[in-house]
file data_17.cif (mmCIF, C-alpha atoms)
data_entry
loop_
_atom_site.label_atom_id
_atom_site.label_comp_id
_atom_site.auth_asym_id
_atom_site.auth_seq_id
_atom_site.Cartn_x
_atom_site.Cartn_y
_atom_site.Cartn_z
CA MET L 14 0.00 0.00 0.00
CA ILE L 15 1.42 3.36 -0.97
CA ASN L 16 1.28 6.04 1.68
CA PRO L 17 -1.53 8.42 0.62
CA THR L 18 0.48 11.41 1.80
CA LEU L 19 3.43 10.41 -0.34
CA LYS L 20 1.13 9.90 -3.29
CA THR L 21 -0.39 13.32 -2.80
CA LEU L 22 3.02 14.91 -2.46
CA SER L 23 4.36 13.22 -5.57
CA LEU L 24 1.35 14.31 -7.56
CA ALA L 25 1.64 17.87 -6.29
CA LEU L 26 5.33 17.86 -7.20
CA MET L 27 4.53 16.54 -10.64
CA LEU L 28 1.98 19.28 -11.16
CA ALA L 29 4.39 21.93 -9.93
CA THR L 30 7.31 20.79 -12.07
CA GLY L 31 5.60 20.74 -15.39
CA PHE L 32 4.49 17.17 -15.89
CA SER L 33 0.97 18.44 -15.96
CA SER L 34 -0.67 19.51 -19.19
CA PRO L 35 -2.07 23.01 -18.83
CA ILE L 36 -4.13 24.27 -21.72
CA PHE L 37 -5.20 27.87 -21.89
CA ALA L 38 -6.75 28.18 -25.32
CA GLY L 39 -9.54 26.44 -27.13
CA GLY L 40 -9.70 23.28 -29.15
CA ASN L 41 -6.55 21.59 -27.87
CA GLN L 42 -6.26 17.89 -27.25
CA VAL L 43 -3.94 16.05 -24.88
CA ARG L 44 -3.62 12.31 -24.50
CA ILE L 45 -1.61 10.69 -21.71
CA GLN L 46 -0.94 6.96 -21.38
CA GLN L 47 0.87 5.41 -18.45
CA TRP L 48 1.69 1.84 -17.49
CA GLY L 49 3.02 0.45 -14.23
CA MET L 50 2.72 1.52 -10.64
CA GLY L 51 2.53 4.82 -8.83
CA ASN L 52 2.21 7.01 -11.88
CA GLY L 53 0.59 10.42 -11.74
CA ALA L 54 -0.99 12.58 -14.40
CA GLY L 55 -2.35 16.08 -14.02
CA GLY L 56 -4.22 18.10 -16.61
CA SER L 57 -5.68 21.58 -16.54
CA GLN L 58 -7.87 23.04 -19.27
CA ALA L 59 -8.92 26.67 -19.49
CA GLY L 60 -10.93 27.85 -22.43
CA ASN L 61 -13.47 26.19 -24.61
CA ARG L 62 -13.75 22.86 -26.38
CA ASN L 63 -10.52 21.37 -25.07
CA ARG L 64 -10.06 17.64 -24.68
CA LEU L 65 -7.99 15.64 -22.21
CA THR L 66 -7.66 11.88 -22.22
CA VAL L 67 -5.79 9.87 -19.58
CA TYR L 68 -5.22 6.11 -19.65
CA GLN L 69 -3.48 4.40 -16.76
CA TYR L 70 -2.76 0.70 -16.40
CA GLY L 71 -1.34 -0.90 -13.27
CA TRP L 72 -1.87 -0.03 -9.66
CA SER L 73 -1.78 2.98 -7.36
CA ASN L 74 -1.87 5.36 -10.28
CA SER L 75 -3.44 8.80 -9.85
CA SER L 76 -4.81 11.45 -12.13
CA ILE L 77 -6.11 14.94 -11.49
CA SER L 78 -7.86 17.02 -14.13
CA VAL L 79 -9.33 20.49 -13.96
CA GLN L 80 -11.55 22.10 -16.57
CA ASP L 81 -12.40 25.78 -16.52
CA GLY L 82 -14.48 27.06 -19.38
CA ASN L 83 -17.20 25.75 -21.60
CA ARG L 84 -17.74 22.53 -23.51
CA ASN L 85 -14.49 20.91 -22.42
CA ARG L 86 -14.16 17.16 -22.21
CA VAL L 87 -12.07 14.89 -20.03
CA VAL L 88 -11.93 11.12 -20.27
CA VAL L 89 -10.09 8.96 -17.75
CA GLY L 90 -9.57 5.22 -18.08
CA GLN L 91 -7.86 3.21 -15.35
CA THR L 92 -7.31 -0.53 -15.23
CA GLY L 93 -5.71 -2.51 -12.42
CA PHE L 94 -5.95 -1.97 -8.69
CA ALA L 95 -6.23 0.95 -6.28
CA ASN L 96 -6.11 3.65 -8.92
CA SER L 97 -7.67 7.02 -8.23
CA THR L 98 -8.83 10.02 -10.18
CA ALA L 99 -10.21 13.46 -9.38
CA THR L 100 -11.84 15.81 -11.85
CA THR L 101 -13.09 19.35 -11.33
CA GLN L 102 -15.22 21.30 -13.80
CA ASN L 103 -16.06 24.99 -13.63
CA GLY L 104 -18.19 26.48 -16.35
CA ASN L 105 -20.97 25.30 -18.55
CA CYS L 106 -21.67 22.16 -20.55
CA ASN L 107 -18.45 20.37 -19.69
CA ILE L 108 -18.29 16.58 -19.81
CA ALA L 109 -16.27 14.18 -17.67
CA GLY L 110 -16.15 10.44 -18.15
CA VAL L 111 -14.32 8.02 -15.87
CA ALA L 112 -14.02 4.27 -16.41
CA GLN L 113 -12.22 2.11 -13.88
CA PHE L 114 -11.84 -1.65 -14.10
CA GLY L 115 -10.29 -3.83 -11.41
CA GLY L 116 -10.73 -3.24 -7.71
CA SER L 117 -10.42 -0.66 -4.95
CA HIS L 118 -10.48 2.26 -7.32
CA SER L 119 -11.78 5.66 -6.35
CA ALA L 120 -13.20 8.51 -8.41
CA THR L 121 -14.16 11.99 -7.27
CA THR L 122 -15.80 14.57 -9.50
CA SER L 123 -16.82 18.15 -8.77
CA GLN L 124 -18.87 20.42 -11.01
CA ASN L 125 -19.76 24.08 -10.63
CA GLY L 126 -21.93 25.66 -13.27
CA ASN L 127 -24.75 24.63 -15.51
CA CYS L 128 -25.31 21.91 -18.07
CA ASN L 129 -22.37 19.80 -16.94
CA ALA L 130 -22.39 16.02 -17.13
CA VAL L 131 -20.34 13.34 -15.43
CA ALA L 132 -20.44 9.59 -15.80
CA VAL L 133 -18.44 7.13 -13.71
CA ILE L 134 -18.23 3.45 -14.58
CA GLN L 135 -16.55 1.08 -12.16
CA GLY L 136 -16.20 -2.65 -12.60
CA GLY L 137 -14.84 -4.81 -9.77
CA ASN L 138 -15.02 -4.87 -6.00
CA GLY L 139 -14.38 -2.24 -3.37
CA ASN L 140 -14.67 0.72 -5.69
CA SER L 141 -15.92 4.10 -4.55
CA ALA L 142 -17.22 7.14 -6.40
CA ALA L 143 -18.30 10.61 -5.38
CA ALA L 144 -19.93 13.26 -7.55
CA HIS L 145 -20.50 16.78 -6.26
CA GLN L 146 -22.45 19.32 -8.30
CA TYR L 147 -23.57 22.88 -7.78
CA GLY L 148 -25.73 24.59 -10.36
CA ASN L 149 -28.65 23.81 -12.58
CA GLY L 150 -29.22 21.13 -15.17
CA ASN L 151 -26.22 19.04 -14.21
CA VAL L 152 -26.34 15.27 -14.53
CA SER L 153 -24.48 12.58 -12.60
CA VAL L 154 -24.47 8.91 -13.48
CA ILE L 155 -22.58 6.32 -11.48
CA ILE L 156 -22.45 2.74 -12.68
CA GLN L 157 -20.88 0.14 -10.42
CA ASP L 158 -20.90 -3.53 -11.24
CA MET E 8 -17.61 -5.66 -22.47
CA PHE E 9 -21.02 -6.51 -23.86
CA LYS E 10 -22.37 -6.45 -20.31
CA PHE E 11 -21.15 -2.90 -19.76
CA ALA E 12 -22.50 -1.78 -23.11
CA THR E 13 -25.86 -3.12 -22.02
CA ILE E 14 -25.63 -1.35 -18.68
CA ILE E 15 -24.66 1.94 -20.32
CA ALA E 16 -27.55 1.66 -22.79
CA ALA E 17 -29.87 1.04 -19.86
CA GLN E 18 -28.52 4.11 -18.07
CA PHE E 19 -29.28 6.27 -21.10
CA ALA E 20 -32.81 4.92 -21.00
CA VAL E 21 -32.97 5.87 -17.32
CA LEU E 22 -31.81 9.40 -18.06
CA ALA E 23 -34.19 9.73 -20.97
CA SER E 24 -37.04 8.86 -18.64
CA ALA E 25 -35.86 11.64 -16.32
CA THR E 26 -37.06 14.23 -18.82
CA GLN E 27 -40.64 13.19 -18.21
CA PRO E 28 -42.78 15.78 -16.41
CA ALA E 29 -42.55 15.63 -12.65
CA PRO E 30 -45.50 13.79 -11.08
CA SER E 31 -47.63 15.67 -8.61
CA ILE E 32 -46.51 14.97 -5.06
CA GLY E 33 -49.61 16.30 -3.35
CA THR E 34 -51.93 19.21 -2.85
CA VAL E 35 -50.45 22.02 -0.84
CA ALA E 36 -51.94 25.05 0.85
CA SER E 37 -50.91 28.49 -0.34
CA GLU E 38 -48.10 28.88 2.18
CA ASP E 39 -47.10 25.24 2.33
CA LEU E 40 -44.03 23.59 0.86
CA ILE E 41 -43.47 19.89 0.34
CA CYS E 42 -40.60 17.83 -1.00
CA LYS E 43 -39.99 14.26 -2.05
CA VAL E 44 -37.14 12.13 -3.32
CA GLU E 45 -38.57 9.83 -5.94
CA VAL E 46 -36.60 6.62 -6.40
CA LYS E 47 -37.63 4.46 -9.31
CA GLN E 48 -36.15 1.08 -10.14
CA ILE E 49 -35.67 0.69 -13.88
CA GLY E 50 -34.09 -2.68 -14.55
CA PRO E 51 -30.78 -2.85 -12.66
CA ASN E 52 -30.69 0.93 -12.31
CA LEU E 53 -32.18 3.55 -10.07
CA ARG E 54 -33.48 6.89 -11.25
CA ILE E 55 -33.55 9.44 -8.48
CA ARG E 56 -35.41 12.73 -8.74
CA ALA E 57 -35.65 15.49 -6.18
CA LEU E 58 -39.15 17.01 -6.31
CA ALA E 59 -40.73 20.06 -4.69
CA GLU E 60 -44.07 21.82 -4.76
CA SER E 61 -45.61 24.85 -3.13
CA GLY E 62 -48.93 26.64 -3.14
CA ARG E 63 -47.24 29.84 -4.26
CA SER E 64 -44.45 30.81 -6.59
CA GLY E 65 -40.96 31.63 -5.40
CA ARG E 66 -37.25 30.92 -5.51
CA GLY E 67 -35.10 28.92 -3.15
CA THR E 68 -32.08 26.67 -2.86
CA TYR E 69 -31.87 22.91 -2.55
CA SER E 70 -29.34 20.33 -1.48
CA LEU E 71 -29.65 16.67 -2.43
CA GLU E 72 -27.39 13.94 -1.10
CA ILE E 73 -27.53 10.31 -2.18
CA ARG E 74 -25.39 7.66 -0.55
CA LYS E 75 -25.05 4.16 -1.87
CA SER E 76 -23.33 1.23 -0.25
CA GLY E 77 -23.38 -2.20 -1.83
CA ALA E 78 -21.30 -5.13 -2.95
CA SER E 79 -20.46 -3.40 -6.20
CA GLY E 80 -19.03 -0.36 -4.45
CA SER E 81 -19.96 2.82 -2.66
CA ALA E 82 -21.02 6.12 -4.13
CA VAL E 83 -22.01 9.58 -3.04
CA ILE E 84 -23.83 12.08 -5.21
CA ALA E 85 -24.28 15.59 -3.84
CA GLN E 86 -26.17 18.10 -5.95
CA SER E 87 -27.23 21.58 -4.93
CA GLY E 88 -28.32 24.84 -6.49
CA ASP E 89 -31.16 27.28 -6.98
CA PHE E 90 -34.71 26.42 -7.96
CA THR E 91 -37.89 28.20 -8.94
CA LEU E 92 -41.37 26.95 -8.09
CA ARG E 93 -44.61 27.83 -9.81
CA ALA E 94 -47.71 27.78 -7.66
CA GLY E 95 -49.27 24.33 -7.51
CA LYS E 96 -46.75 22.73 -9.87
CA THR E 97 -44.38 19.96 -8.91
CA GLU E 98 -40.86 20.75 -10.12
CA THR E 99 -37.90 18.44 -10.62
CA LEU E 100 -34.93 20.02 -8.89
CA SER E 101 -32.29 17.44 -9.71
CA THR E 102 -31.85 14.02 -11.27
CA ALA E 103 -29.28 11.27 -10.82
CA ALA E 104 -28.86 7.64 -11.80
CA LEU E 105 -27.14 4.77 -10.05
CA THR E 106 -26.88 1.04 -10.43
CA GLY E 107 -28.29 -0.96 -7.55
CA SER E 108 -31.51 -1.34 -5.63
CA GLU E 109 -33.40 1.03 -3.36
CA ARG E 110 -32.36 -0.78 -0.18
CA HIS E 111 -28.74 0.15 -0.91
CA ILE E 112 -29.25 3.90 -0.90
CA ARG E 113 -30.04 6.67 1.54
CA THR E 114 -31.30 10.03 0.38
CA ARG E 115 -31.58 13.45 1.94
CA LEU E 116 -33.16 16.50 0.34
CA ILE E 117 -33.12 19.88 2.05
CA LEU E 118 -35.03 22.92 0.78
CA ASP E 119 -34.45 26.49 1.85
CA TRP E 120 -37.36 28.56 0.61
CA ALA E 121 -38.92 31.83 1.71
CA GLY E 122 -37.29 31.75 5.11
CA ARG E 123 -38.29 28.18 5.77
CA LYS E 124 -36.13 25.06 5.75
CA ILE E 125 -37.52 21.55 5.35
CA ALA E 126 -35.97 18.13 4.85
CA CYS E 127 -37.09 14.93 3.20
CA LEU E 128 -35.14 11.92 4.46
CA ASP E 129 -35.53 8.74 2.43
CA ASN E 130 -39.25 7.99 2.13
CA ALA E 131 -40.34 9.92 5.22
CA ASP E 132 -42.67 12.89 5.12
CA PRO E 133 -41.10 16.36 5.08
CA ILE E 134 -39.95 17.74 8.40
CA ASP E 135 -39.19 21.31 9.40
CA LEU E 136 -35.62 22.05 10.37
#
call {"tool": "encode", "arguments": {"input": "data_17.cif", "output": "structure tokens"}}
result
Amino acid sequence: MINPTLKTLSLALMLATGFSSPIFAGGNQVRIQQWGMGNGAGGSQAGNRNRLTVYQYGWSNSSISVQDGNRNRVVVGQTGFANSTATTQNGNCNIAGVAQFGGSHSATTSQNGNCNAVAVIQGGNGNSAAAHQYGNGNVSVIIQD
Amino acid sequence: MFKFATIIAAQFAVLASATQPAPSIGTVASEDLICKVEVKQIGPNLRIRALAESGRSGRGTYSLEIRKSGASGSAVIAQSGDFTLRAGKTETLSTAALTGSERHIRTRLILDWAGRKIACLDNADPIDL
């Protein structure tokens, strides 16, 4: 088991040192793929119609994505064990999709604004998901099987 | 993979059904306010709608929390925001969908409206806070 504090610190360090993928304009697309253990990926999108895709395979991987603007899209796929992801959306009509397969995964999503949508799919045992929304016309779907 | 495709298709059907008009949740006096969390089982999925009605028009804020705990995992959905009621009309404040059965979830809806705060916990009648 990886110390959660260490994981948080390593992810914060990664974000601070440029491994993250900040996007400040519209229409950009970033795709990150990681294999193994203890990887971290951070993405930030500001503007409109940006896309961020993260795939992680293995265990104890983490991803953080932030969307600020309108009609942005983030997709996170994690396979293995004890992976985690956190997405935050501010603005209108953003979309976040998270798919996790394996066990003991966690997903947290936060949305502020209107017309946002989030879908979390988790297959396996011991998974957990949390969706927080403030605004009007937002939709949350959580599928666990 | 086919199983998940089936589940996802079913979830879209659940969400599509959420666009149906809100059912009446009762007859209220002019100053009264009522709330209800409607939980409907649609196949393996649950459609959850937060409903409110008042005898007069006005604006307020709501907070809906849904907690699920089951063999397939745990989930929390928290939705909040502003709402507007029209006199005598039941309004849908928020909608969510989850896999599972009703016995696996707990719901809490709190309305803050015209200086009054009420709560609907699971299937119980509204209570003043």
call {"tool": "interface_residues", "arguments": {"input": "data_17.cif", "of": "chain E", "to": "chain L", "cutoff": "6 Å", "atoms": "all atoms listed in the file", "output": "list of chain:residue names"}}
result
E:Ser79, E:Gly80, E:Ser81, E:Ala82, E:Val83, E:Ile84, E:Ala85, E:Gln86, E:Ser87, E:Gly88, E:Ala103, E:Ala104, E:Leu105, E:Thr106
call {"tool": "closest_residue", "arguments": {"input": "data_17.cif", "among": "E:Thr91, E:Arg123, E:Thr97, E:Glu109", "to": "Ala57 (chain E)", "atoms": "only C-alpha atoms"}}
result
E:Thr97
call {"tool": "residues_near_point", "arguments": {"input": "data_17.cif", "point": "(-30.1, 14.7, -1.6)", "cutoff": "6 Å", "atoms": "only C-alpha atoms", "output": "list in words"}}
result
Ser70, Leu71, Glu72, Ile73, Thr114, Arg115 and Leu116 of chain E
call {"tool": "resolve_selection", "arguments": {"input": "data_17.cif", "expression": "the PyMOL selection byres ((chain L and resi 86) around 6)", "output": "NGL selection string"}}
result
:L and (64 or 85 or 87 or 107-109)
call {"tool": "residues_around", "arguments": {"input": "data_17.cif", "residues": "Ile112 (chain E)", "least_positions_apart": "6", "cutoff": "8 Å", "atoms": "only C-alpha atoms", "output": "short mmCIF file (atom, residue, chain, number, x, y, z; two decimals) with C-alpha atoms, in the coordinates of the input"}}
result
data_model
loop_
_atom_site.label_atom_id
_atom_site.label_comp_id
_atom_site.auth_asym_id
_atom_site.auth_seq_id
_atom_site.Cartn_x
_atom_site.Cartn_y
_atom_site.Cartn_z
CA ILE E 73 -27.53 10.31 -2.18
CA ARG E 74 -25.39 7.66 -0.55
CA LYS E 75 -25.05 4.16 -1.87
CA SER E 76 -23.33 1.23 -0.25
#
call {"tool": "atom_distance", "arguments": {"input": "data_17.cif", "atom1": "CA of Thr92 (chain L)", "atom2": "CA of Asn74 (chain L)"}}
result
9.4 Å
call {"tool": "resolve_selection", "arguments": {"input": "data_17.cif", "expression": "the PyMOL selection byres ((chain E and resi 53) around 7)", "output": "list in words"}}
result
Val46, Lys47, Gln48, Ile49, Asn52, Arg54, Ile55, Ala104, Leu105, Thr106, Gly107 and Ser108 of chain E
call {"tool": "closest_residue", "arguments": {"input": "data_17.cif", "among": "L:Gln113, L:Ala54, L:Thr98, L:Val88", "to": "Val131 (chain L)", "atoms": "all atoms listed in the file"}}
result
L:Val88
call {"tool": "atom_distance", "arguments": {"input": "data_17.cif", "atom1": "CA of Gly90 (chain L)", "atom2": "CA of Met50 (chain L)"}}
result
14.8 Å
call {"tool": "atom_distance", "arguments": {"input": "data_17.cif", "atom1": "CA of Gly62 (chain E)", "atom2": "CA of Asp39 (chain E)"}}
result
5.9 Å
